[in-house]
>>> print(open('run.cif').read())   # mmCIF, C-alpha atoms
data_data
loop_
_atom_site.label_atom_id
_atom_site.label_comp_id
_atom_site.auth_asym_id
_atom_site.auth_seq_id
_atom_site.Cartn_x
_atom_site.Cartn_y
_atom_site.Cartn_z
CA MET A 361 248.21 96.05 44.45
CA LEU A 362 246.14 99.09 45.40
CA LEU A 363 247.27 100.88 42.25
CA TYR A 364 246.17 97.90 40.13
CA PHE A 365 242.78 97.86 41.92
CA PHE A 366 242.32 101.59 41.32
CA ILE A 367 243.19 101.31 37.61
CA THR A 368 240.79 98.39 37.20
CA CYS A 369 237.84 99.99 38.98
CA PHE A 370 238.27 103.52 37.63
CA PRO A 371 236.68 102.85 34.20
CA PHE A 372 233.82 100.98 35.90
CA ILE A 373 233.11 103.95 38.16
CA PHE A 374 232.92 106.26 35.15
CA PHE A 375 230.65 103.79 33.44
CA LEU A 376 228.28 103.85 36.41
CA LYS A 377 228.41 107.62 36.46
CA SER A 378 227.22 107.70 32.86
CA LEU A 379 224.09 105.76 33.79
CA THR A 380 220.98 107.72 34.62
CA LEU A 381 219.42 107.04 37.96
CA LYS A 382 215.83 106.41 37.09
CA PRO A 383 213.64 103.85 38.85
CA LEU A 384 210.99 102.10 36.84
CA PRO A 385 207.53 103.58 37.34
CA PRO A 386 205.12 101.41 39.36
CA TRP A 387 203.01 100.53 36.35
CA ALA A 388 206.07 99.09 34.54
CA THR A 389 206.21 96.14 36.93
CA GLU A 390 202.46 95.72 36.69
CA ILE A 391 202.47 95.48 32.91
CA ARG A 392 204.65 92.37 32.89
CA LEU A 393 202.06 90.59 35.03
CA LEU A 394 199.30 90.99 32.49
CA SER A 395 197.84 87.90 30.92
CA PRO A 396 199.34 86.64 27.62
CA TRP A 397 196.20 87.45 25.66
CA PHE A 398 196.47 91.03 26.90
CA TRP A 399 199.71 91.48 24.93
CA LYS A 400 198.50 90.03 21.63
CA ASP A 401 198.05 93.52 20.15
CA VAL A 402 201.59 94.66 20.98
CA SER A 403 203.43 95.13 17.72
CA PHE A 404 206.75 93.31 17.40
CA PHE A 405 207.70 95.82 14.76
CA SER A 406 207.30 98.73 17.18
CA ILE A 407 209.46 96.99 19.77
CA SER A 408 212.20 96.14 17.28
CA LYS A 409 212.13 99.70 15.95
CA LEU A 410 212.51 101.07 19.48
CA ILE A 411 215.51 98.78 20.05
CA LYS A 412 217.00 99.84 16.73
CA ASN A 413 216.63 103.51 17.60
CA SER A 414 218.20 102.93 20.99
CA LEU A 415 221.19 101.19 19.40
CA SER A 416 221.58 103.94 16.84
CA LEU A 417 221.59 106.54 19.61
CA SER A 418 224.43 104.71 21.33
CA TYR A 419 226.35 104.72 18.06
CA PHE A 420 225.90 108.45 17.62
CA THR A 421 227.09 109.21 21.12
CA ILE A 422 230.32 107.21 20.64
CA ILE A 423 231.29 107.88 17.01
CA PRO A 424 230.67 111.28 15.39
CA SER A 425 228.34 110.89 12.48
CA LYS A 426 227.93 112.91 9.30
CA MET A 427 224.17 112.62 9.60
CA SER A 428 222.73 115.93 10.72
CA LEU A 429 219.97 115.57 13.28
CA LYS A 430 217.26 118.14 13.40
CA LYS A 431 216.60 117.58 17.10
CA ILE A 432 217.89 115.31 19.84
CA SER A 433 216.32 116.19 23.18
CA PHE A 434 216.76 114.29 26.41
CA THR A 435 213.96 114.78 28.90
CA SER A 436 214.35 114.72 32.65
CA LYS A 437 211.00 113.00 33.10
CA VAL A 438 211.72 109.70 31.40
CA ASP A 439 214.87 108.02 30.24
CA ASN A 440 213.92 108.18 26.59
CA PHE A 441 214.78 110.43 23.71
CA GLU A 442 213.01 112.10 20.87
CA GLU A 443 214.93 111.90 17.64
CA VAL A 444 213.70 113.32 14.37
CA GLU A 445 215.86 113.18 11.28
CA GLU A 446 215.61 115.84 8.66
CA GLY A 447 212.78 115.13 6.27
CA VAL A 448 211.22 112.49 8.54
CA MET A 449 208.05 113.38 10.44
CA SER A 450 207.62 112.20 14.01
CA VAL A 451 204.30 111.13 15.47
CA LEU A 452 204.52 114.19 17.70
CA ASP A 453 204.45 116.39 14.59
CA LEU A 454 200.91 115.27 13.84
CA PRO A 455 198.07 117.68 14.60
CA GLU A 456 196.81 117.32 18.15
CA LEU A 457 193.37 116.13 17.06
CA VAL A 458 194.87 113.45 14.76
CA LEU A 459 197.20 112.20 17.51
CA GLU A 460 194.30 112.04 19.95
CA CYS A 461 192.22 109.99 17.50
CA ILE A 462 195.12 107.54 17.09
CA LEU A 463 195.55 107.14 20.85
CA GLU A 464 191.82 106.63 21.32
CA ARG A 465 191.96 103.59 19.03
CA LEU A 466 194.78 101.91 20.93
CA THR A 467 194.19 98.93 23.19
CA PRO A 468 195.32 99.09 26.85
CA ALA A 469 198.49 97.22 25.85
CA GLY A 470 199.06 99.72 23.03
CA LEU A 471 198.70 102.68 25.40
CA CYS A 472 201.18 101.09 27.80
CA SER A 473 203.65 100.63 24.94
CA MET A 474 203.25 104.19 23.69
CA ALA A 475 203.65 105.50 27.26
CA GLY A 476 207.17 104.10 27.28
CA VAL A 477 208.33 105.96 24.15
CA CYS A 478 208.86 109.46 25.52
CA SER A 479 207.64 111.82 28.21
CA SER A 480 205.35 113.73 25.85
CA LEU A 481 203.50 110.60 24.72
CA ARG A 482 203.43 109.20 28.21
CA SER A 483 201.71 112.25 29.65
CA ARG A 484 199.01 111.71 27.03
CA CYS A 485 198.75 107.91 27.28
CA ILE A 486 198.22 107.81 31.05
CA SER A 487 195.42 110.35 30.86
CA ASP A 488 192.08 109.34 32.36
CA HIS A 489 190.46 110.46 29.11
CA PHE A 490 191.79 107.39 27.26
CA TRP A 491 191.53 104.86 30.07
CA GLU A 492 187.96 105.67 31.05
CA LYS A 493 186.67 103.98 27.90
CA HIS A 494 188.68 100.80 28.54
CA MET A 495 187.62 100.70 32.18
CA LYS A 496 183.95 101.02 31.29
CA LYS A 497 184.14 98.48 28.48
CA LYS A 498 185.79 95.68 30.45
CA TRP A 499 185.02 96.37 34.10
CA GLY A 500 182.00 98.66 34.08
CA ARG A 501 179.46 95.85 34.44
CA ILE A 502 180.93 94.53 37.71
CA ILE A 503 182.52 97.65 39.24
CA GLY A 504 180.08 99.77 41.22
CA PRO A 505 180.21 102.58 43.81
CA ALA A 506 181.23 100.14 46.57
CA ALA A 507 184.24 99.00 44.52
CA TYR A 508 185.32 102.59 43.85
CA ARG A 509 185.12 103.37 47.57
CA GLU A 510 187.21 100.29 48.26
CA TRP A 511 189.76 101.51 45.70
CA GLN A 512 190.02 104.87 47.48
CA TRP A 513 190.68 103.04 50.74
CA HIS A 514 193.21 100.86 48.95
CA ILE A 515 195.30 103.74 47.62
CA ALA A 516 195.03 105.63 50.92
CA LEU A 517 196.45 102.66 52.82
CA ARG A 518 199.16 102.20 50.19
CA ARG A 519 200.21 105.82 50.54
CA ASP A 520 200.31 105.56 54.33
CA SER A 521 202.40 102.39 54.20
CA SER A 522 204.84 103.98 51.73
CA HIS A 523 205.47 106.82 54.22
CA ILE A 524 206.12 104.38 57.06
CA LYS A 525 208.32 101.98 55.09
CA GLN A 526 212.04 102.25 55.67
CA GLY A 527 214.69 100.04 54.12
CA LYS A 528 218.32 99.84 53.13
CA PRO A 529 219.42 100.45 49.54
CA LYS A 530 219.90 97.31 47.49
CA GLY A 531 221.83 96.25 44.42
CA LEU A 532 223.19 99.04 42.26
CA MET A 533 221.93 101.76 44.61
CA ARG A 534 223.95 100.22 47.43
CA ILE A 535 227.12 100.30 45.27
CA LEU A 536 226.47 103.88 44.18
CA SER A 537 225.92 104.98 47.77
CA ILE A 538 229.55 104.07 48.45
CA VAL A 539 230.92 106.04 45.49
CA TRP A 540 228.71 109.15 45.53
CA PRO A 541 227.19 111.16 48.40
CA SER A 542 223.76 109.98 49.53
CA TRP A 543 222.22 113.45 49.17
CA TRP A 544 223.13 113.50 45.46
CA ILE A 545 221.63 110.07 44.79
CA LYS A 546 218.48 110.85 46.77
CA SER A 547 217.90 114.12 44.90
CA LYS A 548 218.26 112.38 41.53
CA VAL A 549 215.98 109.50 42.43
CA ASP A 550 213.35 111.75 44.01
CA ASP A 551 213.31 114.06 40.98
CA ARG A 552 212.95 111.14 38.58
CA SER A 553 210.29 109.34 40.63
CA LYS A 554 208.19 112.45 41.00
CA GLN A 555 208.19 113.01 37.27
CA SER A 556 207.78 109.41 36.12
CA SER A 557 205.55 107.75 38.69
CA LEU A 558 201.95 107.02 37.82
CA GLN A 559 199.33 108.67 40.01
CA ASP A 560 197.71 106.16 42.38
CA ASP A 561 194.25 107.63 41.87
CA SER A 562 194.39 107.53 38.06
CA ILE A 563 192.08 105.27 36.07
CA MET A 564 195.10 103.59 34.46
CA SER A 565 196.44 102.64 37.88
CA CYS A 566 193.08 101.18 38.88
CA PHE A 567 192.78 99.30 35.57
CA LEU A 568 196.22 97.70 35.94
CA ALA A 569 195.55 96.80 39.58
CA LEU A 570 192.35 95.02 38.54
CA GLU A 571 193.98 93.40 35.52
CA THR A 572 196.83 91.93 37.55
CA GLY A 573 194.61 90.76 40.42
CA ARG A 574 196.32 92.97 43.01
CA PHE A 575 193.09 94.78 43.91
CA CYS A 576 190.25 92.83 45.52
CA PHE A 577 186.88 94.52 45.12
CA PRO A 578 183.29 93.95 46.29
CA ALA A 579 180.72 92.68 43.81
CA GLN A 580 177.89 90.13 43.67
CA VAL A 581 177.89 86.53 42.47
CA TYR A 582 174.91 84.69 40.99
CA ASN A 583 174.28 81.13 42.21
CA ARG A 584 177.14 81.21 44.69
CA GLU A 585 179.38 78.26 45.51
CA ASN A 586 179.29 76.68 42.06
CA GLY A 587 175.50 76.71 41.83
CA HIS A 588 174.85 75.04 45.18
CA VAL A 589 171.22 73.93 45.31
CA GLY A 590 170.67 76.08 48.41
CA PHE A 591 171.55 79.25 46.49
CA MET A 592 169.83 78.73 43.13
CA LEU A 593 168.55 81.98 41.59
CA SER A 594 170.17 84.12 44.24
CA CYS A 595 172.90 86.75 44.17
CA TYR A 596 175.25 87.31 47.13
CA ASP A 597 177.95 89.82 47.97
CA ALA A 598 181.57 88.66 47.83
CA GLU A 599 185.11 89.96 47.63
CA LEU A 600 186.52 89.25 44.17
CA SER A 601 190.03 89.05 42.77
CA TYR A 602 190.80 88.54 39.09
CA ASP A 603 193.04 85.70 37.86
CA PRO A 604 194.61 86.83 34.54
CA ARG A 605 195.87 83.31 33.76
CA THR A 606 192.38 81.82 33.57
CA ASP A 607 190.31 84.97 32.92
CA THR A 608 188.13 84.06 35.91
CA PHE A 609 187.71 85.24 39.49
CA GLN A 610 188.14 84.03 43.02
CA ALA A 611 185.19 84.87 45.29
CA ARG A 612 185.45 85.10 49.07
CA TYR A 613 182.08 85.07 50.82
CA PRO A 614 182.08 86.71 54.27
CA PRO A 615 181.66 84.50 57.34
CA HIS A 616 178.29 84.38 59.08
CA GLY A 617 177.07 82.55 62.12
CA ARG A 618 179.25 79.52 62.72
CA ARG A 619 180.21 79.32 59.09
CA ALA A 620 183.76 80.32 58.13
CA VAL A 621 184.80 82.23 55.01
CA ALA A 622 183.73 80.33 51.89
CA ILE A 623 186.06 80.52 48.87
CA GLU A 624 185.00 79.75 45.32
CA ASN A 625 187.50 79.63 42.45
CA SER A 626 187.10 79.93 38.68
CA VAL A 627 183.99 82.13 38.81
CA PRO A 628 183.22 83.26 35.21
CA TRP A 629 182.30 86.79 34.19
CA GLU A 630 178.73 85.71 33.38
CA ARG A 631 177.95 85.10 37.06
CA LEU A 632 179.06 88.51 38.28
CA ARG A 633 177.46 91.91 38.58
CA ALA A 634 177.90 95.19 40.39
CA PRO A 635 175.52 95.66 43.34
CA PRO A 636 172.34 97.21 41.86
CA VAL A 637 171.71 99.25 45.01
CA ASP A 638 174.22 100.85 47.33
CA THR A 639 173.01 98.98 50.41
CA SER A 640 175.13 96.91 52.77
CA PRO A 641 174.28 93.16 52.73
CA HIS A 642 173.55 93.48 56.46
CA ASP A 643 171.09 96.37 56.08
CA LEU A 644 167.46 96.36 55.04
CA HIS A 645 166.88 97.90 51.62
CA ILE A 646 164.20 100.60 51.69
CA SER A 647 161.65 99.56 49.05
CA ASP A 648 160.23 102.34 46.89
CA CYS A 649 158.29 100.24 44.39
CA LEU A 650 155.66 98.51 46.55
CA ASN A 651 152.76 100.60 45.28
CA GLU A 652 153.70 99.81 41.67
CA LEU A 653 153.81 96.02 41.96
CA ARG A 654 151.37 94.10 39.79
CA PRO A 655 150.99 90.38 38.97
CA GLY A 656 153.61 89.31 36.46
CA ASP A 657 156.25 91.84 37.56
CA ASN A 658 159.77 90.51 37.97
CA ILE A 659 161.34 91.30 41.32
CA GLU A 660 164.35 90.70 43.53
CA ILE A 661 163.88 90.41 47.27
CA GLN A 662 166.34 90.30 50.13
CA TRP A 663 166.39 87.08 52.14
CA ARG A 664 168.60 85.69 54.89
CA ARG A 665 168.53 82.53 56.97
CA ASN A 666 168.72 84.29 60.32
CA LYS A 667 169.74 87.60 61.85
CA GLU A 668 173.44 86.71 61.77
CA PHE A 669 173.48 86.02 58.03
CA PRO A 670 173.93 88.70 55.35
CA TYR A 671 171.13 89.33 52.89
CA GLY A 672 171.17 87.81 49.44
CA TRP A 673 169.00 88.92 46.51
CA TRP A 674 166.53 86.26 45.27
CA TYR A 675 164.61 86.28 42.01
CA GLY A 676 160.81 85.96 41.96
CA VAL A 677 157.64 87.22 40.31
CA VAL A 678 154.50 88.89 41.64
CA GLY A 679 151.58 86.46 41.69
CA HIS A 680 147.81 86.67 42.06
CA LEU A 681 145.83 86.52 45.29
CA GLU A 682 143.91 83.31 46.05
CA SER A 683 140.66 85.17 45.49
CA CYS A 684 141.72 86.12 41.93
CA ASP A 685 141.32 83.74 38.99
CA GLY A 686 144.17 85.39 37.09
CA ASN A 687 141.99 86.97 34.43
CA GLU A 688 143.65 90.26 33.50
CA ASN A 689 140.31 91.92 32.67
CA TYR A 690 138.99 91.38 36.19
CA CYS A 691 142.19 91.28 38.27
CA ARG A 692 142.28 93.75 41.14
CA CYS A 693 145.29 92.34 42.97
CA HIS A 694 147.24 95.58 42.54
CA ASN A 695 144.62 97.45 44.58
CA GLY A 696 145.01 95.33 47.70
CA ASP A 697 147.49 95.71 50.55
CA THR A 698 148.74 92.13 50.25
CA VAL A 699 151.30 91.24 47.61
CA VAL A 700 151.93 87.61 46.62
CA LEU A 701 155.51 86.70 45.71
CA GLU A 702 156.21 83.45 43.84
CA PHE A 703 159.48 81.60 43.45
CA ASN A 704 158.70 79.23 40.62
CA GLN A 705 162.07 77.49 40.70
CA TYR A 706 160.59 75.48 43.61
CA THR A 707 158.04 72.74 43.21
CA PRO A 708 154.36 73.53 44.02
CA GLY A 709 153.68 72.82 47.66
CA SER A 710 157.23 73.65 48.79
CA ARG A 711 157.47 76.04 51.71
CA TRP A 712 159.84 78.15 49.60
CA ARG A 713 157.40 78.42 46.69
CA CYS A 714 155.33 81.41 47.83
CA THR A 715 155.17 84.17 50.43
CA THR A 716 153.17 87.35 51.03
CA ILE A 717 154.12 90.83 52.16
CA ASN A 718 152.21 93.93 53.19
CA ARG A 719 152.30 96.68 50.60
CA LYS A 720 151.55 99.48 53.07
CA ASP A 721 153.79 98.51 55.98
CA HIS A 722 156.55 96.28 54.71
CA ARG A 723 159.44 95.56 57.06
CA GLU A 724 161.65 92.55 57.58
CA GLU A 725 159.27 89.63 57.91
CA GLY A 726 159.86 85.96 58.71
CA ASN A 727 161.06 83.58 61.39
CA GLU A 728 164.02 81.37 62.29
CA ALA A 729 162.52 78.38 60.48
CA ASP A 730 161.77 79.95 57.09
CA GLY A 731 164.22 82.84 57.16
CA PHE A 732 163.62 86.57 56.89
CA PHE A 733 162.49 88.59 53.85
CA GLY A 734 163.71 92.15 53.43
CA GLY A 735 163.55 94.89 50.81
CA ILE A 736 162.24 94.50 47.25
CA ARG A 737 163.47 95.73 43.86
CA LYS A 738 161.23 95.81 40.82
CA LEU A 739 163.13 94.75 37.70
CA SER A 740 162.47 96.92 34.69
CA SER A 741 165.58 96.11 32.68
CA GLU A 742 165.19 93.34 30.13
CA LYS A 743 168.89 92.62 30.50
CA GLU A 744 168.51 91.90 34.21
CA ILE A 745 165.46 89.71 33.65
CA SER A 746 167.14 87.73 30.87
CA THR A 747 170.18 87.14 33.10
CA TRP A 748 167.99 85.54 35.77
CA LYS A 749 166.16 83.40 33.23
CA ARG A 750 169.47 82.26 31.76
CA LEU A 751 170.47 80.99 35.21
CA TRP A 752 167.23 79.05 35.66
CA PRO A 753 167.92 75.57 37.09
CA SER A 754 167.54 72.57 34.79
CA GLU A 755 165.30 70.82 37.35
CA ILE A 756 162.60 72.09 39.67
CA LEU A 757 163.90 72.43 43.24
CA GLU A 758 162.24 70.79 46.22
#
>>> encode(input="run.cif", output="structure tokens")
Amino acid sequence: MLLYFFITCFPFIFFLKSLTLKPLPPWATEIRLLSPWFWKDVSFFSISKLIKNSLSLSYFTIIPSKMSLKKISFTSKVDNFEEVEEGVMSVLDLPELVLECILERLTPAGLCSMAGVCSSLRSRCISDHFWEKHMKKKWGRIIGPAAYREWQWHIALRRDSSHIKQGKPKGLMRILSIVWPSWWIKSKVDDRSKQSSLQDDSIMSCFLALETGRFCFPAQVYNRENGHVGFMLSCYDAELSYDPRTDTFQARYPPHGRRAVAIENSVPWERLRAPPVDTSPHDLHISDCLNELRPGDNIEIQWRRNKEFPYGWWYGVVGHLESCDGNENYCRCHNGDTVVLEFNQYTPGSRWRCTTINRKDHREEGNEADGFFGGIRKLSSEKEISTWKRLWPSEILE
């Protein structure tokens, strides 16, 4: 019985020995989570060709062939091969500048596919040089310095947790640990993982973490809570996570006062932006534009309900003093210490319609009934101004 068991298992053990011990890199599991539209540029032809080449390699290793190969090199970094038949040029034979131009034109999905071909292409395709353009194009408008700091914290915590984690081997590794010494398996796996793993602090790693929704980042949301009337023409800080299935975001607004965390789903890209200033929502923004403000200027001003609330940014315009008739030829409002701020989304006579601040000594001003006004930003970008006007409410607010 034992002899029969040994004869049966012996070929299986040799089969396992022929396998290379190479864990999938972290980004390989992330790629399969990408949204379906993200893979629309992946060429079926390239995949089928890769499978065909893999099958042909197996054939050559089993049955001697008369075909003479110019080069068959197995790399220790990735479990792929580079095969070039005589008279057939490989993509790696292209001039470096030509190859770089080709890679620059690839989509993120294309770069991920090319990274799985061989170690030489992978070292190129995961380079920050190629991913910086894709990061800026898709995420640059809503990713700011605060989000990058959060990403650094994210990868630091992930590294710490990976050092602390301990677990038993599972699946195939558990079987192999019985057959071969543990030191041999560990050395093979460590060597492979060091060479094939994607750097946590790379732009590609950050892009894939954003794309799959694994990384939650700080940003600001216009007209929070589905355009609630109490937040019209405002922009508040939130923690965002991307949903690749719907191409929208989930926003988590921090708790304040007696109010718990508010969650809003299906937030579109059009209602998001990166924080324009690197100021905490609980801190007063130091205004540096007060002396420049003139009637007609577009502004954003911090406002909060009470001291326990975070600031939100509210859109308004600089108005004229009561003593001024609005005639531009005779207006001297910009010479005075008092600045009138108008919020024309509210009906005339509303207590939210107008307020004044001191140009020379502006601090947080207000009370528990009407809220507190903070720092001011002067808007000079037509893009910012047009975004606010696009969000203008369909009806005047009370």
>>> resolve_selection(input="run.cif", expression="the PyMOL selection byres ((chain A and resi 656) around 12)", output="mmCIF file with C-alpha atoms, keeping the file's coordinate frame")
data_model
loop_
_atom_site.group_PDB
_atom_site.id
_atom_site.type_symbol
_atom_site.label_atom_id
_atom_site.label_comp_id
_atom_site.auth_asym_id
_atom_site.auth_seq_id
_atom_site.Cartn_x
_atom_site.Cartn_y
_atom_site.Cartn_z
ATOM 1 C CA GLU A 652 153.700 99.810 41.670
ATOM 2 C CA LEU A 653 153.810 96.020 41.960
ATOM 3 C CA ARG A 654 151.370 94.100 39.790
ATOM 4 C CA PRO A 655 150.990 90.380 38.970
ATOM 5 C CA ASP A 657 156.250 91.840 37.560
ATOM 6 C CA ASN A 658 159.770 90.510 37.970
ATOM 7 C CA ILE A 659 161.340 91.300 41.320
ATOM 8 C CA GLY A 676 160.810 85.960 41.960
ATOM 9 C CA VAL A 677 157.640 87.220 40.310
ATOM 10 C CA VAL A 678 154.500 88.890 41.640
ATOM 11 C CA GLY A 679 151.580 86.460 41.690
ATOM 12 C CA HIS A 680 147.810 86.670 42.060
ATOM 13 C CA GLY A 686 144.170 85.390 37.090
ATOM 14 C CA GLU A 688 143.650 90.260 33.500
ATOM 15 C CA CYS A 691 142.190 91.280 38.270
ATOM 16 C CA CYS A 693 145.290 92.340 42.970
ATOM 17 C CA HIS A 694 147.240 95.580 42.540
ATOM 18 C CA VAL A 699 151.300 91.240 47.610
ATOM 19 C CA VAL A 700 151.930 87.610 46.620
ATOM 20 C CA LEU A 701 155.510 86.700 45.710
ATOM 21 C CA GLU A 702 156.210 83.450 43.840
ATOM 22 C CA PHE A 703 159.480 81.600 43.450
ATOM 23 C CA LYS A 738 161.230 95.810 40.820
ATOM 24 C CA LEU A 739 163.130 94.750 37.700
ATOM 25 C CA SER A 740 162.470 96.920 34.690
#
>>> residues_around(input="run.cif", residues="Arg501 (chain A)", least_positions_apart="5", cutoff="8 Å", atoms="all atoms listed in the file", output="list in words")
Lys496, Arg633 and Ala634 of chain A
>>> write_last_selection(input="run.cif", atoms="C-alpha atoms", output="PDB file, keeping the file's coordinate frame")
ATOM      1  CA  LYS A 496     183.950 101.020  31.290  1.00  0.00           C
ATOM      2  CA  ARG A 633     177.460  91.910  38.580  1.00  0.00           C
ATOM      3  CA  ALA A 634     177.900  95.190  40.390  1.00  0.00           C
TER       4      ALA A 634
END
>>> resolve_selection(input="run.cif", expression="the PyMOL selection byres ((chain A and resi 711-728) around 7)", output="mmCIF file with C-alpha atoms, keeping the file's coordinate frame")
data_model
loop_
_atom_site.group_PDB
_atom_site.id
_atom_site.type_symbol
_atom_site.label_atom_id
_atom_site.label_comp_id
_atom_site.auth_asym_id
_atom_site.auth_seq_id
_atom_site.Cartn_x
_atom_site.Cartn_y
_atom_site.Cartn_z
ATOM 1 C CA LEU A 650 155.660 98.510 46.550
ATOM 2 C CA ASN A 651 152.760 100.600 45.280
ATOM 3 C CA ASN A 666 168.720 84.290 60.320
ATOM 4 C CA ASP A 697 147.490 95.710 50.550
ATOM 5 C CA THR A 698 148.740 92.130 50.250
ATOM 6 C CA VAL A 699 151.300 91.240 47.610
ATOM 7 C CA VAL A 700 151.930 87.610 46.620
ATOM 8 C CA LEU A 701 155.510 86.700 45.710
ATOM 9 C CA GLU A 702 156.210 83.450 43.840
ATOM 10 C CA PHE A 703 159.480 81.600 43.450
ATOM 11 C CA ASN A 704 158.700 79.230 40.620
ATOM 12 C CA TYR A 706 160.590 75.480 43.610
ATOM 13 C CA THR A 707 158.040 72.740 43.210
ATOM 14 C CA PRO A 708 154.360 73.530 44.020
ATOM 15 C CA GLY A 709 153.680 72.820 47.660
ATOM 16 C CA SER A 710 157.230 73.650 48.790
ATOM 17 C CA ALA A 729 162.520 78.380 60.480
ATOM 18 C CA ASP A 730 161.770 79.950 57.090
ATOM 19 C CA GLY A 731 164.220 82.840 57.160
ATOM 20 C CA PHE A 732 163.620 86.570 56.890
ATOM 21 C CA PHE A 733 162.490 88.590 53.850
ATOM 22 C CA GLY A 734 163.710 92.150 53.430
#
>>> resolve_selection(input="run.cif", expression="the PyMOL selection byres ((chain A and resi 611) around 12)", output="PyMOL selection string")
chain A and resi 576-586+596-603+608-610+612-614+621-629+631-632
>>> atom_distance(input="run.cif", atom1="CA of Pro641 (chain A)", atom2="CA of Ile736 (chain A)")
13.3 Å
>>> atom_distance(input="run.cif", atom1="CA of Trp748 (chain A)", atom2="CA of Trp673 (chain A)")
11.3 Å
>>> closest_residue(input="run.cif", among="A:Val451, A:Ala469, A:Cys595, A:Leu459", to="Glu571 (chain A)", atoms="all atoms listed in the file")
A:Ala469
